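**Q** If you scroll down you'll find the structure; I have some questions about it.
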Amino acid sequence: MRFGVMTLIDNVPDALSGRLLTPHDRLREVVELAVLAEELGFDAFGVGERHGAPFLSSSPPAVLGAIAARTHRIRLFTTVTVLSTLDPVRVAEDYATVDQLSGGRLELTIGKGNAPEPWHLFHRDPGDQYALQEENYELLRRLWSEEQVTWSGRFRPPLKNATVLPRPFRRPPTVWHGSATSERSVELAALWGDPVFAANVIQPVAAYAKLIDHYRARWADYGHDPAAALVASGGTLYAAADDRTARREFAPYYEAAVAARDVPGNNTPFRTLDEAADHGPALVGSPARIAGKILSQHVAYGHALQFFSVDSAGLPFARKAEVLRLTAAEVLPQLRHELPDPLPWPTPVPAATPEPAVEAAR
């Protein structure tokens, strides 16, 4: 198994102190968190796309470009790109640029989205969300794998002999299909032979397991090798020396976050931290408890990639860093030992050495 850190860059007051970062400081914090994740040995860092308050993650390509400039090894993910509301040409160009800047470290997670803001901002009909997702993805695949693309569809003007630049660094980036509840999203992944990213944040573990089981069944129906199906999982993380300390410290943050997102599509049946830690997917407690829970979820999901979210209700950066350090030191080694690593990630390309400056002519 491999491990990543993810964020939606929500910017809200600290649930205890009330301190609110400026957008500049919050965005810089995300870059520093990615740098720290690489230093601690995490394998990936993901930035999701959201539009509207309290999120600052409307432009993941810009944030990932900044992270690419400060890192050398860690894989760069979108978690998620709301492809159903975007122009596939723009997506192909933006993310191929990040792929070039990072030396081929980009992986894209696409989804239809579960918030209303993009539909209003980009003048899309939410009734078309699945059709948009399917059509836009087919075009994106062609734009990355072919040159001189001629295409027509329902939702954007036709293309004739179109070539998007830059091209991807080495090959088209891997595309994961994100889903929290939708079987249709995982159907699309199975059809194309792509991996799936299960949110694993809000619903019971059994609900995500059902979704993943459906994906694997449809994967086999489409004639793909069952052993090649790849699954990623998310998860809210808070690690401390012991379970009691973790729950005492994190409960105000978890419960403030739950209260803030109590809207259709983003609410959860696990209203308290005790409920989420004992019966839901939340990864909260001692390193031993967290490792054991991931092992239990692996039995249900068979996932190859585990992402962690340490953003909750303005949790201070220093606390996030402590959580990641403890997780890297005491959770990841055990899981890497016990769980296989089937991800076919290439060796990162070494950073280029700049050309010597040419002395100005006198």
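Following the order of the structure tokens, chains are lettered A, B, ..., residues in each are numbered from 1, and ligands are numbered from 1.
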Could you list, as JSON, numbers by chain, every residue within 12 Å of Phe197 of chain A, counting only C-alpha atoms and ignoring same-chain residues fewer than 5 positions away?
**A** {"A": [46, 77, 78, 79, 80, 107, 108, 109, 110, 111, 175, 176, 177, 178, 179, 180, 181, 182, 185, 186, 189, 208, 209, 211, 212, 215, 229, 230, 231, 232, 233, 234, 235, 301, 302, 303, 304, 305, 306, 307]}
**Q** Enumerate as a ChimeraX atom specification all residues of segment 88-117 of chain A assigned to helix (DSSP H, G or I) by DSSP on the backbone, naming them with the chain letters and numbers the document uses.
**A** /A:88-101,117
**Q** Quick check, in Å to one decimal: how far apart do atom CA of Leu159 of chain A and atom CA of Val89 of chain A lie?
**A**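 Rounded to one decimal, the two atoms are 9.8 Å apart.
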**Q** Which residue is closest to Tyr130 of chain A? Choose from A:Ala115, A:Ala68, A:Leu83, A:Val91 and count only C-alpha atoms.
**A**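 Ranked by minimum distance to Tyr130 of chain A, first place goes to A:Leu83.
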**Q** Rank A:Glu29, A:Glu322, A:Asp213, A:Asp125 by their smallest atom-to-atom distance to Val63 of chain A, using only C-alpha atoms, and report the top residue only.
**A**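 Checking each candidate against Val63 of chain A, we get A:Glu29 as the closest.
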**Q** Return as a tab-separated table the residues of segment 233-329 of chain A lying at most 12 Å from segment 14-23 of chain A, together with the closest atom-to-atom pair for each and the distance in Å to one decimal, counting only C-alpha atoms, with rows in chain order and ascending residue number.
**A**
```
residue	atom	partner	partner_atom	distance
A:Glu249	CA	A:Leu16	CA	10.1
A:Phe250	CA	A:Ala15	CA	10.0
A:Ala251	CA	A:Ala15	CA	10.0
A:Pro252	CA	A:Ala15	CA	6.6
A:Tyr253	CA	A:Ala15	CA	5.7
A:Tyr254	CA	A:Ala15	CA	9.1
A:Glu255	CA	A:Ala15	CA	9.2
A:Ala256	CA	A:Ala15	CA	6.5
A:Ala257	CA	A:Ala15	CA	8.5
A:Val258	CA	A:Ala15	CA	11.6
A:Ala259	CA	A:Ala15	CA	11.3
A:Ala260	CA	A:Ala15	CA	10.8
A:Asp311	CA	A:Asp14	CA	10.6
A:Ser312	CA	A:Ala15	CA	8.7
A:Ala313	CA	A:Ala15	CA	5.5
A:Gly314	CA	A:Asp14	CA	3.9
A:Leu315	CA	A:Asp14	CA	5.8
A:Pro316	CA	A:Asp14	CA	7.1
A:Phe317	CA	A:Asp14	CA	10.5
A:Arg319	CA	A:Asp14	CA	11.6
```
